[in-house]
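**Student:** Okay, so here is query-v5.csv, and as you'll see once you scroll down, it has CSV, C-alpha atoms and all ligand atoms.
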```
chain,number,residue,atom,x,y,z
A,1,MET,CA,25.6,-25.7,5.1
A,2,SER,CA,24.5,-22.0,5.2
A,3,GLN,CA,26.7,-19.1,5.8
A,4,ILE,CA,25.2,-18.8,9.3
A,5,ASN,CA,25.8,-22.5,10.1
A,6,ARG,CA,29.4,-22.1,9.0
A,7,ARG,CA,29.8,-19.2,11.4
A,8,ALA,CA,28.3,-21.3,14.2
A,9,ALA,CA,30.5,-24.2,13.4
A,10,LEU,CA,33.5,-22.0,13.5
A,11,GLY,CA,32.5,-20.6,16.9
A,12,LEU,CA,31.9,-17.1,15.4
A,13,GLY,CA,29.2,-16.2,17.9
A,14,ALA,CA,30.7,-13.0,19.3
A,15,ALA,CA,28.4,-10.7,17.4
A,16,ALA,CA,25.4,-12.4,19.1
A,17,ALA,CA,26.4,-11.2,22.6
A,18,ALA,CA,26.8,-7.6,21.3
A,19,VAL,CA,23.3,-7.6,19.8
A,20,VAL,CA,21.7,-9.1,22.9
A,21,SER,CA,23.3,-6.5,25.2
A,22,ALA,CA,22.2,-3.6,22.9
A,23,PRO,CA,19.2,-1.4,24.0
A,24,ALA,CA,16.0,-3.5,23.8
A,25,ARG,CA,14.4,-3.5,20.4
A,26,ALA,CA,10.7,-2.6,20.4
A,27,ALA,CA,8.3,-5.6,20.2
A,28,ASP,CA,7.3,-6.4,16.6
A,29,ARG,CA,3.7,-5.6,17.5
A,30,THR,CA,1.8,-4.7,20.7
A,31,ASP,CA,-2.0,-4.6,20.9
A,32,GLY,CA,-4.0,-3.6,24.0
A,33,ARG,CA,-6.9,-5.9,23.2
A,34,LEU,CA,-7.5,-8.6,25.9
A,35,LEU,CA,-7.4,-12.1,24.4
A,36,THR,CA,-9.6,-14.8,25.9
A,37,ARG,CA,-10.2,-17.0,22.9
A,38,ILE,CA,-7.5,-17.8,20.4
A,39,ALA,CA,-8.1,-20.3,17.6
A,40,PHE,CA,-5.4,-21.9,15.5
A,41,GLY,CA,-4.9,-24.4,12.7
A,42,SER,CA,-2.6,-25.6,9.9
A,43,CYS,CA,-2.6,-27.5,6.6
A,44,ALA,CA,-5.3,-26.1,4.4
A,45,LYS,CA,-5.3,-27.2,0.8
A,46,GLN,CA,-6.6,-24.3,-1.3
A,47,ASP,CA,-8.2,-26.5,-4.0
A,48,LYS,CA,-10.4,-28.4,-1.5
A,49,GLU,CA,-13.6,-27.4,0.1
A,50,GLN,CA,-12.8,-25.9,3.5
A,51,PRO,CA,-15.9,-26.5,5.7
A,52,ILE,CA,-14.0,-26.1,8.9
A,53,TRP,CA,-14.3,-22.3,8.8
A,54,ASP,CA,-18.0,-22.5,9.9
A,55,ALA,CA,-16.9,-24.2,13.1
A,56,VAL,CA,-14.0,-21.7,13.6
A,57,LEU,CA,-16.3,-18.7,13.0
A,58,ALA,CA,-18.9,-20.2,15.5
A,59,ALA,CA,-16.2,-20.3,18.2
A,60,LYS,CA,-15.8,-16.5,17.8
A,61,PRO,CA,-12.1,-16.3,18.4
A,62,ASP,CA,-10.4,-13.0,19.3
A,63,LEU,CA,-7.4,-14.1,17.1
A,64,PHE,CA,-6.7,-16.9,14.6
A,65,ILE,CA,-3.2,-18.1,14.2
A,66,PHE,CA,-2.2,-19.9,11.0
A,67,LEU,CA,0.6,-22.3,11.8
A,68,GLY,CA,1.7,-23.0,8.2
A,69,ASP,CA,0.9,-25.0,5.1
A,70,ASN,CA,-1.7,-22.3,4.8
A,71,ILE,CA,-1.6,-23.1,1.0
A,72,TYR,CA,0.2,-25.9,-0.8
A,73,ALA,CA,2.3,-23.8,-3.2
A,74,ASP,CA,4.8,-26.5,-4.0
A,75,THR,CA,6.4,-24.7,-6.8
A,76,ARG,CA,9.4,-22.7,-8.0
A,77,ASP,CA,7.1,-20.5,-10.2
A,78,PRO,CA,6.0,-17.2,-8.6
A,79,ALA,CA,2.9,-17.2,-10.8
A,80,VAL,CA,1.8,-20.6,-9.5
A,81,MET,CA,2.3,-19.5,-5.9
A,82,ALA,CA,0.3,-16.3,-6.5
A,83,ALA,CA,-2.6,-18.2,-8.1
A,84,LYS,CA,-2.8,-20.5,-5.1
A,85,TYR,CA,-2.9,-17.6,-2.6
A,86,ALA,CA,-5.6,-16.1,-4.8
A,87,THR,CA,-7.6,-19.3,-4.5
A,88,LEU,CA,-7.3,-19.2,-0.7
A,89,ALA,CA,-8.3,-15.5,-0.7
A,90,ALA,CA,-11.6,-16.4,-2.5
A,91,LYS,CA,-12.7,-19.2,-0.1
A,92,PRO,CA,-15.9,-17.9,1.4
A,93,GLY,CA,-15.0,-19.2,4.9
A,94,PHE,CA,-11.6,-17.6,4.8
A,95,GLU,CA,-13.0,-14.3,3.6
A,96,LYS,CA,-15.4,-14.2,6.5
A,97,LEU,CA,-12.7,-15.0,9.0
A,98,LYS,CA,-10.4,-12.3,7.6
A,99,ALA,CA,-13.3,-9.8,7.7
A,100,SER,CA,-14.2,-10.6,11.3
A,101,THR,CA,-11.0,-11.8,13.1
A,102,PRO,CA,-7.4,-10.6,13.6
A,103,LEU,CA,-5.0,-13.0,12.0
A,104,MET,CA,-1.4,-14.0,12.5
A,105,ALA,CA,0.5,-16.4,10.3
A,106,ILE,CA,3.7,-18.2,9.8
A,107,TRP,CA,4.5,-20.6,7.0
A,108,ASP,CA,5.6,-24.2,6.9
A,109,ASP,CA,7.2,-26.1,4.0
A,110,HIS,CA,4.3,-26.0,1.5
A,111,ASP,CA,3.6,-22.3,1.7
A,112,TYR,CA,7.3,-21.6,2.0
A,113,GLY,CA,7.5,-23.3,-1.3
A,114,GLU,CA,8.3,-27.0,-1.3
A,115,ASN,CA,7.8,-30.2,0.6
A,116,ASP,CA,10.1,-30.4,3.6
A,117,ALA,CA,12.3,-27.6,2.2
A,118,GLY,CA,14.8,-25.6,4.3
A,119,GLY,CA,17.3,-22.8,3.7
A,120,GLU,CA,18.3,-24.2,0.3
A,121,TYR,CA,14.9,-23.5,-1.4
A,122,PRO,CA,15.9,-21.1,-4.2
A,123,MET,CA,12.7,-19.0,-4.4
A,124,LYS,CA,12.5,-17.9,-0.8
A,125,ASP,CA,12.9,-14.1,-1.4
A,126,GLU,CA,9.9,-14.1,-3.7
A,127,SER,CA,8.0,-16.5,-1.3
A,128,ARG,CA,8.6,-14.1,1.6
A,129,ARG,CA,7.3,-11.2,-0.5
A,130,GLN,CA,4.1,-13.0,-1.5
A,131,PHE,CA,3.6,-14.2,2.1
A,132,CYS,CA,4.0,-10.7,3.5
A,133,ASP,CA,1.7,-9.2,0.8
A,134,PHE,CA,-1.0,-11.9,1.3
A,135,TRP,CA,-1.0,-11.6,5.1
A,136,GLY,CA,-1.0,-7.8,5.0
A,137,GLU,CA,2.4,-7.0,6.4
A,138,ALA,CA,3.2,-3.3,6.4
A,139,ALA,CA,5.7,-2.0,3.9
A,140,THR,CA,8.0,-1.2,6.7
A,141,SER,CA,7.6,-4.6,8.5
A,142,PRO,CA,11.0,-6.3,9.4
A,143,ARG,CA,9.4,-9.5,8.2
A,144,ARG,CA,9.9,-8.3,4.6
A,145,THR,CA,13.6,-8.0,4.9
A,146,ARG,CA,15.1,-10.1,7.6
A,147,ASP,CA,16.2,-13.8,7.5
A,148,GLY,CA,12.7,-15.3,7.6
A,149,ILE,CA,9.2,-14.3,8.4
A,150,TYR,CA,9.4,-14.9,12.2
A,151,THR,CA,7.4,-12.5,14.3
A,152,ALA,CA,6.0,-12.0,17.8
A,153,ALA,CA,3.3,-9.8,19.3
A,154,ILE,CA,2.1,-8.9,22.8
A,155,PHE,CA,-1.7,-8.5,23.4
A,156,GLY,CA,-3.6,-7.2,26.4
A,157,PRO,CA,-3.0,-5.0,29.5
A,158,THR,CA,-0.4,-5.6,32.2
A,159,GLY,CA,-1.3,-8.6,34.3
A,160,ARG,CA,-3.2,-10.1,31.3
A,161,ARG,CA,-0.6,-10.0,28.6
A,162,VAL,CA,-0.5,-12.8,26.0
A,163,GLN,CA,2.7,-13.0,24.0
A,164,VAL,CA,2.5,-14.9,20.6
A,165,ILE,CA,5.9,-16.0,19.3
A,166,LEU,CA,6.0,-17.4,15.7
A,167,PRO,CA,9.4,-18.7,14.7
A,168,ASP,CA,10.4,-19.4,11.1
A,169,LEU,CA,11.5,-23.0,10.8
A,170,ARG,CA,12.4,-22.8,7.1
A,171,TRP,CA,14.5,-19.9,6.0
A,172,ASN,CA,17.7,-20.8,7.6
A,173,ARG,CA,17.2,-24.5,8.2
A,174,THR,CA,20.0,-26.9,7.6
A,175,PRO,CA,19.0,-29.6,5.0
A,176,ILE,CA,17.2,-32.4,6.8
A,177,GLU,CA,19.0,-35.6,7.5
A,178,LYS,CA,17.6,-38.4,5.4
A,179,LEU,CA,17.8,-42.1,6.4
A,180,ASP,CA,19.4,-44.4,3.8
A,181,LEU,CA,16.1,-46.1,3.0
A,182,ALA,CA,15.4,-44.6,-0.4
A,183,GLY,CA,14.3,-46.7,-3.3
A,184,ALA,CA,11.3,-48.5,-4.7
A,185,GLU,CA,11.6,-51.4,-2.2
A,186,TYR,CA,11.2,-49.0,0.8
A,187,GLU,CA,8.5,-47.0,-0.9
A,188,GLY,CA,6.5,-50.1,-1.5
A,189,TRP,CA,6.9,-51.4,2.0
A,190,ALA,CA,5.9,-48.1,3.5
A,191,LYS,CA,2.8,-48.0,1.3
A,192,LYS,CA,1.8,-51.5,2.4
A,193,LYS,CA,2.2,-50.5,6.0
A,194,ALA,CA,0.1,-47.3,5.5
A,195,ASP,CA,-2.6,-49.3,3.6
A,196,ALA,CA,-2.7,-51.7,6.5
A,197,GLY,CA,-3.3,-48.8,8.9
A,198,SER,CA,0.0,-49.2,10.8
A,199,HIS,CA,2.5,-46.5,11.2
A,200,VAL,CA,5.1,-45.7,8.6
A,201,PRO,CA,8.7,-45.1,9.7
A,202,GLY,CA,9.5,-41.7,8.2
A,203,PRO,CA,12.4,-41.1,5.9
A,204,TYR,CA,14.2,-38.7,8.3
A,205,ALA,CA,16.6,-38.9,11.3
A,206,ARG,CA,18.1,-36.7,13.9
A,207,ASN,CA,20.9,-34.6,12.4
A,208,PRO,CA,24.2,-35.6,14.0
A,209,ASP,CA,25.9,-32.4,13.1
A,210,GLN,CA,26.1,-30.1,16.2
A,211,ALA,CA,26.0,-27.1,13.9
A,212,ALA,CA,22.8,-28.1,12.2
A,213,THR,CA,20.0,-25.7,13.0
A,214,MET,CA,16.2,-25.1,12.6
A,215,ILE,CA,16.3,-21.4,12.8
A,216,GLY,CA,19.8,-20.0,12.5
A,217,GLU,CA,21.8,-17.7,14.8
A,218,PRO,CA,20.2,-14.3,14.0
A,219,GLN,CA,16.7,-15.7,14.7
A,220,TRP,CA,18.1,-17.3,18.0
A,221,ARG,CA,19.2,-13.8,19.1
A,222,TRP,CA,15.7,-12.5,18.2
A,223,LEU,CA,13.9,-15.4,20.0
A,224,GLU,CA,15.9,-15.0,23.2
A,225,GLU,CA,15.1,-11.3,23.2
A,226,GLU,CA,11.4,-12.1,22.8
A,227,LEU,CA,11.5,-14.7,25.6
A,228,ALA,CA,12.9,-12.1,27.9
A,229,ARG,CA,10.0,-9.7,27.5
A,230,PRO,CA,7.4,-9.5,30.3
A,231,ALA,CA,4.2,-11.5,29.6
A,232,ASP,CA,1.6,-13.4,31.6
A,233,LEU,CA,1.1,-16.2,29.1
A,234,ARG,CA,3.2,-17.1,26.1
A,235,ILE,CA,2.1,-19.1,23.0
A,236,PHE,CA,5.0,-20.5,21.1
A,237,GLY,CA,3.4,-21.2,17.7
A,238,SER,CA,5.6,-23.7,15.8
A,239,SER,CA,4.9,-24.9,12.3
A,240,LEU,CA,6.4,-28.2,13.3
A,241,GLN,CA,5.8,-30.3,16.4
A,242,VAL,CA,8.1,-29.1,19.3
A,243,LEU,CA,7.9,-32.2,21.5
A,244,ALA,CA,6.8,-35.3,19.6
A,245,ASP,CA,9.8,-37.6,20.0
A,246,PHE,CA,9.7,-39.4,16.6
A,247,ALA,CA,12.4,-38.1,14.2
A,248,GLY,CA,11.1,-40.0,11.2
A,249,TRP,CA,9.1,-37.0,10.1
A,250,GLU,CA,10.0,-33.4,10.4
A,251,SER,CA,10.0,-31.9,13.9
A,252,TRP,CA,12.3,-30.0,16.3
A,253,MET,CA,13.5,-33.5,17.3
A,254,ASN,CA,15.5,-33.6,14.1
A,255,TYR,CA,17.8,-30.8,15.3
A,256,ALA,CA,18.9,-32.0,18.7
A,257,ARG,CA,21.0,-28.9,19.6
A,258,ASP,CA,18.2,-26.4,18.8
A,259,HIS,CA,15.6,-28.6,20.6
A,260,GLN,CA,17.7,-28.5,23.8
A,261,ARG,CA,18.6,-24.9,23.3
A,262,LEU,CA,14.9,-23.9,23.2
A,263,PHE,CA,14.4,-25.2,26.7
A,264,GLU,CA,17.6,-23.7,27.9
A,265,ALA,CA,16.6,-20.4,26.5
A,266,ILE,CA,13.2,-20.6,28.3
A,267,ARG,CA,15.1,-21.3,31.6
A,268,ARG,CA,17.8,-18.7,31.1
A,269,THR,CA,15.4,-15.9,30.1
A,270,ARG,CA,12.9,-17.0,32.8
A,271,ALA,CA,10.2,-17.1,30.2
A,272,GLU,CA,7.4,-18.4,32.4
A,273,GLY,CA,3.9,-19.2,31.3
A,274,LEU,CA,4.9,-20.7,27.9
A,275,PHE,CA,3.1,-23.5,26.1
A,276,CYS,CA,3.4,-24.6,22.5
A,277,ILE,CA,1.0,-25.1,19.7
A,278,SER,CA,2.0,-26.7,16.4
A,279,GLY,CA,0.8,-28.1,13.0
A,280,ASP,CA,2.1,-30.0,10.0
A,281,THR,CA,1.2,-33.6,10.9
A,282,HIS,CA,-2.2,-34.1,9.3
A,283,TYR,CA,-3.5,-35.4,12.7
A,284,ALA,CA,-4.0,-33.8,16.1
A,285,GLU,CA,-2.5,-34.8,19.4
A,286,ILE,CA,-1.4,-33.3,22.7
A,287,SER,CA,2.1,-33.9,24.1
A,288,ARG,CA,3.8,-33.0,27.3
A,289,LEU,CA,7.5,-33.1,28.4
A,290,ASP,CA,8.3,-33.2,32.1
A,291,VAL,CA,12.0,-34.0,32.3
A,292,ASN,CA,15.0,-31.7,31.6
A,293,VAL,CA,12.7,-28.7,31.1
A,294,PRO,CA,12.3,-25.6,33.3
A,295,TYR,CA,8.6,-26.6,33.9
A,296,PRO,CA,6.2,-29.0,32.2
A,297,ILE,CA,6.1,-28.1,28.5
A,298,TRP,CA,2.9,-28.7,26.6
A,299,ASP,CA,2.5,-29.0,22.8
A,300,VAL,CA,-1.0,-29.0,21.3
A,301,THR,CA,-0.8,-30.1,17.6
A,302,SER,CA,-3.8,-29.2,15.4
A,303,SER,CA,-3.6,-30.4,11.8
A,304,GLY,CA,-5.2,-30.2,9.4
A,305,LEU,CA,-7.8,-27.7,8.5
A,306,THR,CA,-8.4,-29.8,5.4
A,307,GLU,CA,-5.7,-32.5,5.5
A,308,THR,CA,-5.9,-35.8,7.3
A,309,TRP,CA,-3.7,-38.9,7.4
A,310,PRO,CA,-4.8,-42.4,8.6
A,311,VAL,CA,-1.5,-43.2,10.3
A,312,THR,CA,-0.3,-42.7,13.9
A,313,PRO,CA,3.5,-42.3,14.2
A,314,PRO,CA,4.9,-43.2,17.7
A,315,ASN,CA,5.1,-40.4,20.3
A,316,ALA,CA,6.1,-41.4,23.8
A,317,LEU,CA,5.1,-37.9,25.0
A,318,ARG,CA,1.5,-38.1,23.7
A,319,ARG,CA,-1.0,-37.3,26.5
A,320,SER,CA,-4.2,-37.6,24.5
A,321,GLY,CA,-5.8,-39.6,21.8
A,322,VAL,CA,-5.0,-39.0,18.1
A,323,LEU,CA,-7.6,-37.2,16.0
A,324,GLN,CA,-7.5,-38.2,12.4
A,325,GLU,CA,-10.2,-35.8,11.1
A,326,GLN,CA,-10.2,-32.2,10.0
A,327,ASN,CA,-9.7,-30.0,13.1
A,328,PHE,CA,-8.7,-26.7,14.6
A,329,GLY,CA,-7.5,-25.6,18.0
A,330,LEU,CA,-9.2,-23.3,20.5
A,331,ILE,CA,-7.4,-21.8,23.5
A,332,GLU,CA,-9.7,-20.3,26.1
A,333,ILE,CA,-8.1,-18.2,28.9
A,334,ASP,CA,-9.8,-17.8,32.3
A,335,TRP,CA,-8.3,-14.5,33.6
A,336,SER,CA,-10.3,-14.6,36.9
A,337,THR,CA,-7.5,-16.0,39.0
A,338,PRO,CA,-4.1,-14.5,39.6
A,339,ALA,CA,-2.5,-17.2,37.5
A,340,PRO,CA,-4.7,-17.7,34.4
A,341,LYS,CA,-6.1,-21.1,33.7
A,342,VAL,CA,-6.0,-22.2,30.1
A,343,ARG,CA,-8.3,-24.7,28.4
A,344,ILE,CA,-7.2,-26.0,25.0
A,345,GLU,CA,-9.4,-28.0,22.8
A,346,VAL,CA,-9.0,-29.6,19.4
A,347,ARG,CA,-12.3,-29.3,17.7
A,348,ASP,CA,-13.7,-31.1,14.7
A,349,VAL,CA,-15.6,-29.8,11.7
A,350,THR,CA,-18.9,-29.8,13.7
A,351,GLY,CA,-17.2,-27.7,16.4
A,352,ALA,CA,-17.2,-30.6,18.9
A,353,ALA,CA,-14.2,-30.8,21.3
A,354,ARG,CA,-12.4,-34.0,20.6
A,355,LEU,CA,-9.2,-33.5,22.5
A,356,THR,CA,-8.9,-31.3,25.6
A,357,THR,CA,-6.3,-30.3,28.1
A,358,MET,CA,-6.3,-27.8,31.0
A,359,ILE,CA,-3.1,-25.9,31.7
A,360,ASP,CA,-2.7,-23.9,34.9
A,361,ALA,CA,-0.3,-21.1,34.4
A,362,ALA,CA,0.7,-21.5,38.1
A,363,ALA,CA,2.4,-24.7,37.0
A,364,LEU,CA,4.4,-23.0,34.3
A,365,ARG,CA,6.8,-21.4,36.7
A,366,ILE,CA,10.6,-21.6,37.2
A,367,ALA,CA,11.6,-22.5,40.8
B,1,FE,FE,4.4,-29.1,6.8
```
Rewrite the structure from the file as structure tokens, please.

**Tutor:**
Amino acid sequence: MSQINRRAALGLGAAAAAVVSAPARAADRTDGRLLTRIAFGSCAKQDKEQPIWDAVLAAKPDLFIFLGDNIYADTRDPAVMAAKYATLAAKPGFEKLKASTPLMAIWDDHDYGENDAGGEYPMKDESRRQFCDFWGEAATSPRRTRDGIYTAAIFGPTGRRVQVILPDLRWNRTPIEKLDLAGAEYEGWAKKKADAGSHVPGPYARNPDQAATMIGEPQWRWLEEELARPADLRIFGSSLQVLADFAGWESWMNYARDHQRLFEAIRRTRAEGLFCISGDTHYAEISRLDVNVPYPIWDVTSSGLTETWPVTPPNALRRSGVLQEQNFGLIEIDWSTPAPKVRIEVRDVTGAARLTTMIDAAALRIA
């Protein structure tokens, strides 16, 4: 358990109230440019061909959001991590994207440093430094020094503001709860299931500890402050799926208290107009939750830019098919009506839309 989790477990939350009531901190980043096309994606292995960039570039996005596993560092050696970032930097498609399109990024486990790692990963300070250097963070950026690389930005003029919120699900995360299914027998059984094309029960479970957390208390205070900012649309870009209800693989669902707290925070701060995008899974799908939420919450998962997986875990909140091919997401905003209308597509390597949903911001309101 981290220092932060110990404080939460002991009920030492008094400092949080003091910070929230302090004068509002400036937004991490504001940018007057109007956004109408925002692309996103996750899970790009640096040592593979990355043909998806041609389709991304053809969509001419105003912004591209990297949702994590942007490289597969998987190391405790800084030199190995640096070499893998250098490999991504040299990809022609990535170079073109970087030269033509504003970028925002968060990490997931593999670019944080290790598969399914949380706060216990020992190289996280160096990993944060390399991440900030690679993604061009200013020397004065708070991302370089605070407890994780979470960030947010507000784009566009009043009445057409898009807020992008990118939480860090790794830096402070309580170690994930593992099911007691380890061992060669389970591994062999899971492989047989996968080879047969049926879903593999994952090795994880919901963490029963009420103090277990995805993001930690300091980031919660930051997130609640961000949600309270005025915006016309909000994109909550999560490296892990926010809604998918299967806890066998990593998701917000593994941390029941934080999962519920997110929806409570949206309600309490009256953060209207929010929808989620996510990555990590190596397949794409669209989910929606309608109960015990302030308004219908959408989660469009795009994964991966290179990675795919021929397995479909269960998800009772799925509202689309499952795309098991390389893909990226594209958000198109129609600002011509008082409440914007949002079309979100998951596109394949040819640029064809394979999953689509329409979200009317008028439905993302708190009564
Ligand atoms: Fe991941």

**Student:** Which residue is closest to ligand FE 1 (chain B)? Choose from A:Glu49, A:Asp69, A:Glu332, A:Glu224 and count all atoms listed in the file.

**Tutor:**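 Going through A:Glu49, A:Asp69, A:Glu332, A:Glu224 one by one, the smallest distance to ligand FE 1 (chain B) is for A:Asp69.
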
**Student:** Check which residues fall inside 9 Å of ligand FE 1 (chain B) when counting only C-alpha atoms and all ligand atoms, and print them as a PDB file with C-alpha atoms, in the frame of the given file.

**Tutor:**
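In the end it all went to result.pdb:
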```
ATOM      1  CA  SER A  42      -2.600 -25.600   9.900  1.00  0.00           C
ATOM      2  CA  CYS A  43      -2.600 -27.500   6.600  1.00  0.00           C
ATOM      3  CA  GLY A  68       1.700 -23.000   8.200  1.00  0.00           C
ATOM      4  CA  ASP A  69       0.900 -25.000   5.100  1.00  0.00           C
ATOM      5  CA  TRP A 107       4.500 -20.600   7.000  1.00  0.00           C
ATOM      6  CA  ASP A 108       5.600 -24.200   6.900  1.00  0.00           C
ATOM      7  CA  ASP A 109       7.200 -26.100   4.000  1.00  0.00           C
ATOM      8  CA  HIS A 110       4.300 -26.000   1.500  1.00  0.00           C
ATOM      9  CA  ASP A 111       3.600 -22.300   1.700  1.00  0.00           C
ATOM     10  CA  ASN A 115       7.800 -30.200   0.600  1.00  0.00           C
ATOM     11  CA  ASP A 116      10.100 -30.400   3.600  1.00  0.00           C
ATOM     12  CA  SER A 239       4.900 -24.900  12.300  1.00  0.00           C
ATOM     13  CA  LEU A 240       6.400 -28.200  13.300  1.00  0.00           C
ATOM     14  CA  GLU A 250      10.000 -33.400  10.400  1.00  0.00           C
ATOM     15  CA  GLY A 279       0.800 -28.100  13.000  1.00  0.00           C
ATOM     16  CA  ASP A 280       2.100 -30.000  10.000  1.00  0.00           C
ATOM     17  CA  THR A 281       1.200 -33.600  10.900  1.00  0.00           C
ATOM     18  CA  HIS A 282      -2.200 -34.100   9.300  1.00  0.00           C
TER      19      HIS A 282
END
```

**Student:** With distances taken over all atoms listed in the file, which residue among A:Arg76, A:Arg343, A:Arg206, A:Arg234 lies nearest His259 in chain A?

**Tutor:**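 Smallest distance to His259 in chain A is found for A:Arg206.
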
**Student:** Pick the closest to Thr151 in chain A from A:Glu345, A:Glu226, A:Glu177, A:Asp62: which is it, counting only C-alpha atoms?

**Tutor:** A:Glu226

**Student:** Using Å and a single decimal, report how far CA of Arg318 in chain A sits from CA of Ala353 in chain A.

**Tutor:**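 Between CA of Ala353 in chain A and CA of Arg318 in chain A the gap works out to 17.5 Å.
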
**Student:** To one decimal place in Å, what is the distance between CA of Thr337 in chain A and CA of Arg33 in chain A?

**Tutor:**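 About the pair CA of Thr337 in chain A and CA of Arg33 in chain A: they are 18.8 Å apart.
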
**Student:** Which residues, written as a count of residues only, have at least one atom at most 8 Å from Trp53 in chain A, with only C-alpha atoms counted and residues fewer than 5 positions away on the same chain left out?

**Tutor:** 3

**Student:** Quick one: pull the distance between CA of Ala363 in chain A and CA of Trp298 in chain A, Å, one decimal.

**Tutor:**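 Answer for the CA of Ala363 in chain A to CA of Trp298 in chain A separation: 11.2 Å.
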
**Student:** Mind checking which residues fall within 10 Å of range 262-276 of chain A, counting only C-alpha atoms, ignoring those fewer than 2 positions away in the same chain, and posting them as number ranges by chain?

**Tutor:** A: 162-165, 220, 223-238, 241-243, 252, 257-260, 278, 286-288, 292-301, 339-340, 359-367

**Student:** Dump as JSON, numbers by chain all residues having an atom at most 7 Å from (18.8, -26.6, 6.1), computed in the file's coordinates with all atoms listed in the file.

**Tutor:** {"A": [1, 118, 119, 120, 172, 173, 174, 175, 176]}

**Student:** Taking all atoms listed in the file into account, which of A:Val311, A:Leu63, A:Ala44, A:Ala26 comes nearest Lys193 in chain A?

**Tutor:** A:Val311

**Student:** Using only C-alpha atoms, which residue out of A:Ala196, A:Ile154, A:Ala205, A:Leu323 lies closest to Gly32 in chain A?

**Tutor:**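 The shortest atom-to-atom distance to Gly32 in chain A comes from A:Ile154.
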
**Student:** As a PyMOL selection string, please: the residues near Asp348 in chain A (cut-off 12 Å, only C-alpha atoms, same-chain neighbours under 2 positions excluded).

**Tutor:** chain A and resi 41+51-56+59+283-284+302-306+308+323-330+345-346+350-356

**Student:** Using all atoms listed in the file, which of A:Phe131, A:Phe64, A:Phe40, A:Phe155 sits nearest Ser100 in chain A?

**Tutor:** A:Phe64

**Student:** Would you kindly return, as an NGL selection string, each protein, DNA or RNA residue with an atom no farther than 7 Å from any atom of Asp245 in chain A, considering all atoms listed in the file and excluding same-chain residues fewer than 2 positions away?

**Tutor:** :A and (243 or 247 or 253 or 315-317)
